[in-house]
Amino acid sequence: MNHAAKKEFIRITEQSSRYRHLEKMSVLEILNHINEEDTGIPAAVRKAIPAIDAFVQAAADKMLAGGRLFYLGAGTSGRLGILDASECPPTYGVPHELVIGLIAGGDKAIRRAVENAEDDTVQGWKDLQQWDISDKDVVVGIAASGTTPYVIGALRDCRKHGILTASISCNPGSPVAGEADFPIEVIVGPEFVTGSTRMKSGTAQKLVLNMISTSLMIQLGRVEDNKMVNMQLTNEKLVDRGVKMLMERAGISDYEKAKALLIQHGSVKKALDAIGS
């Protein structure tokens, strides 16, 4: 036996569900079985933490030096990247151009699948070039199967141009992992509905994206203590949260006074800085 031979790539995400005849189950049975399958996801993510840690530390260095974070994917994976990117500005008060989500087929693919978009091996790099991508930036390719040509091609071109890359996939030893500097593999097993990777795989990817963006924003100084001091005041709920945060941090007992300061300066961070000066 040749131990140096390359390990066979197995698409665990495409293997048959452990459950049969789903259409004959009661709703309660379906819900319980989905929940049972979901319970193993955090443990699978935990196994990937060393890889996530290494990537975040490398990405933080790039972003502290002025780089941006790009998420790139197709279908569910692309939508999850866009979701995570879109939540960074209101949560942490960062520019919309700091974390950018790209999906195969363009913005119209967010709501409707674009036929054959994920099979294009050159479009991912073209999409990144539209943003004047450079070696200052960081790119995360997201592909549950680990075989999406749109993502593989983009990561390959990124590495050719000296751009730091990571991947998030749910099959071990996948092609997309082979193109990434920091491959993050979360192996959650076959889906409840065979091949429906929007389920366990999608949940695992969402958890990893939460970890990446949250830890990066903390490293970039967008969180103080455990508070989102830079959040955008886009609705009354967030204004109220900001007022209470400011009252606690600055020792202000008058709600209306704290609210006036918050509105005047636009964020808890800026209000605290103004009070301190």
# chains A, B, ... in the order shown; residues from 1 in each chain; ligands from 1

call {"tool": "residues_around", "arguments": {"residues": "Tyr255 of chain A", "least_positions_apart": "5", "cutoff": "9 Å", "atoms": "only C-alpha atoms", "output": "count of residues only"}}
result
4

call {"tool": "residues_around", "arguments": {"residues": "Leu238 of chain A", "least_positions_apart": "6", "cutoff": "10 Å", "atoms": "only C-alpha atoms", "output": "ChimeraX atom specification"}}
result
/A:90-91,231-232,244

call {"tool": "residues_around", "arguments": {"residues": "Val186 of chain A", "least_positions_apart": "4", "cutoff": "12 Å", "atoms": "only C-alpha atoms", "output": "number ranges by chain"}}
result
A: 12-13, 40-52, 142-146, 167-174, 177, 200-209

call {"tool": "write_last_selection", "arguments": {"atoms": "C-alpha atoms", "output": "PDB file, in the first residue's frame"}}
result
ATOM      1  CA  ILE A  12     -19.974  13.741   3.224  1.00  0.00           C
ATOM      2  CA  THR A  13     -22.384  16.609   2.561  1.00  0.00           C
ATOM      3  CA  GLY A  40     -23.726  18.014  16.916  1.00  0.00           C
ATOM      4  CA  ILE A  41     -22.893  21.246  15.082  1.00  0.00           C
ATOM      5  CA  PRO A  42     -21.216  23.179  17.950  1.00  0.00           C
ATOM      6  CA  ALA A  43     -18.888  20.231  18.642  1.00  0.00           C
ATOM      7  CA  ALA A  44     -17.865  20.160  14.986  1.00  0.00           C
ATOM      8  CA  VAL A  45     -17.197  23.908  15.080  1.00  0.00           C
ATOM      9  CA  ARG A  46     -15.146  23.518  18.256  1.00  0.00           C
ATOM     10  CA  LYS A  47     -12.773  21.140  16.455  1.00  0.00           C
ATOM     11  CA  ALA A  48     -12.133  23.889  13.897  1.00  0.00           C
ATOM     12  CA  ILE A  49     -11.298  26.606  16.451  1.00  0.00           C
ATOM     13  CA  PRO A  50      -7.497  26.243  16.081  1.00  0.00           C
ATOM     14  CA  ALA A  51      -7.831  26.941  12.348  1.00  0.00           C
ATOM     15  CA  ILE A  52     -10.224  29.849  12.964  1.00  0.00           C
ATOM     16  CA  ILE A 142     -17.272  29.756   1.557  1.00  0.00           C
ATOM     17  CA  ALA A 143     -18.411  26.462   0.029  1.00  0.00           C
ATOM     18  CA  ALA A 144     -20.164  23.713   1.980  1.00  0.00           C
ATOM     19  CA  SER A 145     -19.168  21.059  -0.549  1.00  0.00           C
ATOM     20  CA  GLY A 146     -15.683  22.478  -0.980  1.00  0.00           C
ATOM     21  CA  SER A 167     -11.954  28.752   3.275  1.00  0.00           C
ATOM     22  CA  ILE A 168     -14.989  27.446   5.144  1.00  0.00           C
ATOM     23  CA  SER A 169     -16.176  24.021   4.012  1.00  0.00           C
ATOM     24  CA  CYS A 170     -17.940  20.962   5.402  1.00  0.00           C
ATOM     25  CA  ASN A 171     -16.094  18.121   3.667  1.00  0.00           C
ATOM     26  CA  PRO A 172     -12.588  17.039   4.715  1.00  0.00           C
ATOM     27  CA  GLY A 173      -9.705  17.534   2.277  1.00  0.00           C
ATOM     28  CA  SER A 174     -11.790  19.409  -0.298  1.00  0.00           C
ATOM     29  CA  ALA A 177      -9.401  23.871   1.262  1.00  0.00           C
ATOM     30  CA  LYS A 200     -26.475  21.709   9.180  1.00  0.00           C
ATOM     31  CA  SER A 201     -23.722  22.920   6.868  1.00  0.00           C
ATOM     32  CA  GLY A 202     -25.323  26.361   6.608  1.00  0.00           C
ATOM     33  CA  THR A 203     -25.707  26.575  10.382  1.00  0.00           C
ATOM     34  CA  ALA A 204     -22.064  25.603  10.860  1.00  0.00           C
ATOM     35  CA  GLN A 205     -20.931  28.225   8.348  1.00  0.00           C
ATOM     36  CA  LYS A 206     -23.041  30.883  10.085  1.00  0.00           C
ATOM     37  CA  LEU A 207     -21.471  30.023  13.442  1.00  0.00           C
ATOM     38  CA  VAL A 208     -17.962  30.268  12.003  1.00  0.00           C
ATOM     39  CA  LEU A 209     -18.737  33.581  10.288  1.00  0.00           C
TER      40      LEU A 209
END

call {"tool": "residues_around", "arguments": {"residues": "Glu97 of chain A", "least_positions_apart": "4", "cutoff": "10 Å", "atoms": "only C-alpha atoms", "output": "PDB file with N, CA and C atoms, in the first residue's frame"}}
result
ATOM      1  N   ARG A  68      -9.141  45.054   3.888  1.00  0.00           N
ATOM      2  CA  ARG A  68     -10.565  44.741   3.962  1.00  0.00           C
ATOM      3  C   ARG A  68     -10.760  43.233   4.011  1.00  0.00           C
ATOM      4  N   LEU A  69     -11.955  42.825   4.447  1.00  0.00           N
ATOM      5  CA  LEU A  69     -12.323  41.417   4.503  1.00  0.00           C
ATOM      6  C   LEU A  69     -13.392  41.141   3.463  1.00  0.00           C
ATOM      7  N   PHE A  70     -13.132  40.172   2.592  1.00  0.00           N
ATOM      8  CA  PHE A  70     -14.088  39.765   1.566  1.00  0.00           C
ATOM      9  C   PHE A  70     -14.586  38.350   1.861  1.00  0.00           C
ATOM     10  N   ALA A  85     -21.505  40.136   6.410  1.00  0.00           N
ATOM     11  CA  ALA A  85     -20.889  41.412   6.022  1.00  0.00           C
ATOM     12  C   ALA A  85     -21.841  42.574   6.260  1.00  0.00           C
ATOM     13  N   SER A  86     -23.123  42.375   5.920  1.00  0.00           N
ATOM     14  CA  SER A  86     -24.092  43.471   6.021  1.00  0.00           C
ATOM     15  C   SER A  86     -24.389  43.856   7.458  1.00  0.00           C
ATOM     16  N   PRO A  89     -21.561  46.905   9.678  1.00  0.00           N
ATOM     17  CA  PRO A  89     -21.700  48.364   9.840  1.00  0.00           C
ATOM     18  C   PRO A  89     -22.684  48.786  10.932  1.00  0.00           C
ATOM     19  N   GLY A 101     -19.393  41.190   1.103  1.00  0.00           N
ATOM     20  CA  GLY A 101     -19.856  39.872   0.693  1.00  0.00           C
ATOM     21  C   GLY A 101     -20.162  39.823  -0.796  1.00  0.00           C
ATOM     22  N   TRP A 131     -13.514  45.485  -7.003  1.00  0.00           N
ATOM     23  CA  TRP A 131     -13.275  46.185  -5.735  1.00  0.00           C
ATOM     24  C   TRP A 131     -11.801  46.567  -5.571  1.00  0.00           C
TER      25      TRP A 131
END

call {"tool": "atom_distance", "arguments": {"atom1": "atom CA of Gly93 of chain A", "atom2": "atom CA of Arg222 of chain A"}}
result
7.7 Å

call {"tool": "decode", "arguments": {"residues": "segment 187-222 of chain A", "atoms": "N, CA and C atoms", "output": "tab-separated table (two decimals), in the first residue's frame"}}
result
chain	number	residue	atom	x	y	z
A	187	ILE	N	-16.96	19.53	9.89
A	187	ILE	CA	-17.56	18.31	9.35
A	187	ILE	C	-18.78	17.93	10.18
A	188	VAL	N	-19.96	18.26	9.66
A	188	VAL	CA	-21.20	18.05	10.41
A	188	VAL	C	-21.96	16.80	9.98
A	189	GLY	N	-21.48	16.11	8.96
A	189	GLY	CA	-22.12	14.88	8.54
A	189	GLY	C	-23.25	15.09	7.54
A	190	PRO	N	-23.89	14.00	7.09
A	190	PRO	CA	-24.98	14.10	6.13
A	190	PRO	C	-26.14	14.93	6.66
A	191	GLU	N	-26.86	15.56	5.74
A	191	GLU	CA	-27.99	16.42	6.12
A	191	GLU	C	-29.25	15.60	6.38
A	192	PHE	N	-30.18	16.19	7.12
A	192	PHE	CA	-31.46	15.53	7.40
A	192	PHE	C	-32.21	15.25	6.09
A	193	VAL	N	-32.26	16.25	5.21
A	193	VAL	CA	-32.73	16.04	3.84
A	193	VAL	C	-31.47	15.91	2.99
A	194	THR	N	-31.27	14.78	2.37
A	194	THR	CA	-30.02	14.48	1.68
A	194	THR	C	-29.57	15.62	0.77
A	195	GLY	N	-28.36	16.10	1.02
A	195	GLY	CA	-27.75	17.12	0.17
A	195	GLY	C	-28.22	18.54	0.42
A	196	SER	N	-29.14	18.76	1.37
A	196	SER	CA	-29.67	20.10	1.63
A	196	SER	C	-28.71	20.85	2.57
A	197	THR	N	-27.64	21.37	2.00
A	197	THR	CA	-26.58	21.96	2.83
A	197	THR	C	-26.93	23.33	3.40
A	198	ARG	N	-28.14	23.82	3.14
A	198	ARG	CA	-28.58	25.03	3.83
A	198	ARG	C	-28.90	24.73	5.29
A	199	MET	N	-28.93	23.43	5.64
A	199	MET	CA	-29.32	23.03	6.99
A	199	MET	C	-28.11	22.97	7.92
A	200	LYS	N	-27.59	21.79	8.23
A	200	LYS	CA	-26.48	21.71	9.18
A	200	LYS	C	-25.23	22.44	8.68
A	201	SER	N	-24.91	22.26	7.42
A	201	SER	CA	-23.72	22.92	6.87
A	201	SER	C	-23.88	24.44	6.94
A	202	GLY	N	-25.08	24.92	6.56
A	202	GLY	CA	-25.32	26.36	6.61
A	202	GLY	C	-25.24	26.91	8.02
A	203	THR	N	-25.77	26.16	8.98
A	203	THR	CA	-25.71	26.57	10.38
A	203	THR	C	-24.26	26.63	10.85
A	204	ALA	N	-23.48	25.63	10.48
A	204	ALA	CA	-22.06	25.60	10.86
A	204	ALA	C	-21.32	26.79	10.26
A	205	GLN	N	-21.58	27.09	8.99
A	205	GLN	CA	-20.93	28.23	8.35
A	205	GLN	C	-21.31	29.54	9.03
A	206	LYS	N	-22.58	29.68	9.39
A	206	LYS	CA	-23.04	30.88	10.09
A	206	LYS	C	-22.32	31.05	11.42
A	207	LEU	N	-22.17	29.96	12.17
A	207	LEU	CA	-21.47	30.02	13.44
A	207	LEU	C	-20.02	30.46	13.26
A	208	VAL	N	-19.36	29.91	12.25
A	208	VAL	CA	-17.96	30.27	12.00
A	208	VAL	C	-17.85	31.73	11.58
A	209	LEU	N	-18.75	32.18	10.71
A	209	LEU	CA	-18.74	33.58	10.29
A	209	LEU	C	-18.97	34.51	11.48
A	210	ASN	N	-19.89	34.14	12.38
A	210	ASN	CA	-20.09	34.93	13.60
A	210	ASN	C	-18.79	35.06	14.37
A	211	MET	N	-18.08	33.95	14.50
A	211	MET	CA	-16.83	33.94	15.26
A	211	MET	C	-15.77	34.80	14.59
A	212	ILE	N	-15.67	34.68	13.27
A	212	ILE	CA	-14.66	35.45	12.54
A	212	ILE	C	-14.91	36.95	12.66
A	213	SER	N	-16.11	37.39	12.31
A	213	SER	CA	-16.38	38.83	12.29
A	213	SER	C	-16.38	39.42	13.70
A	214	THR	N	-16.95	38.70	14.66
A	214	THR	CA	-16.98	39.23	16.02
A	214	THR	C	-15.59	39.37	16.60
A	215	SER	N	-14.78	38.34	16.47
A	215	SER	CA	-13.42	38.41	17.02
A	215	SER	C	-12.58	39.45	16.29
A	216	LEU	N	-12.78	39.60	14.99
A	216	LEU	CA	-12.05	40.63	14.25
A	216	LEU	C	-12.46	42.03	14.70
A	217	MET	N	-13.76	42.26	14.89
A	217	MET	CA	-14.21	43.58	15.31
A	217	MET	C	-13.68	43.92	16.70
A	218	ILE	N	-13.58	42.92	17.57
A	218	ILE	CA	-12.99	43.16	18.89
A	218	ILE	C	-11.51	43.52	18.74
A	219	GLN	N	-10.81	42.80	17.87
A	219	GLN	CA	-9.39	43.10	17.63
A	219	GLN	C	-9.20	44.49	17.03
A	220	LEU	N	-10.18	44.94	16.26
A	220	LEU	CA	-10.10	46.27	15.64
A	220	LEU	C	-10.56	47.39	16.57
A	221	GLY	N	-10.89	47.04	17.82
A	221	GLY	CA	-11.24	48.05	18.80
A	221	GLY	C	-12.66	48.55	18.72
A	222	ARG	N	-13.56	47.75	18.12
A	222	ARG	CA	-14.95	48.20	17.96
A	222	ARG	C	-15.83	47.79	19.13
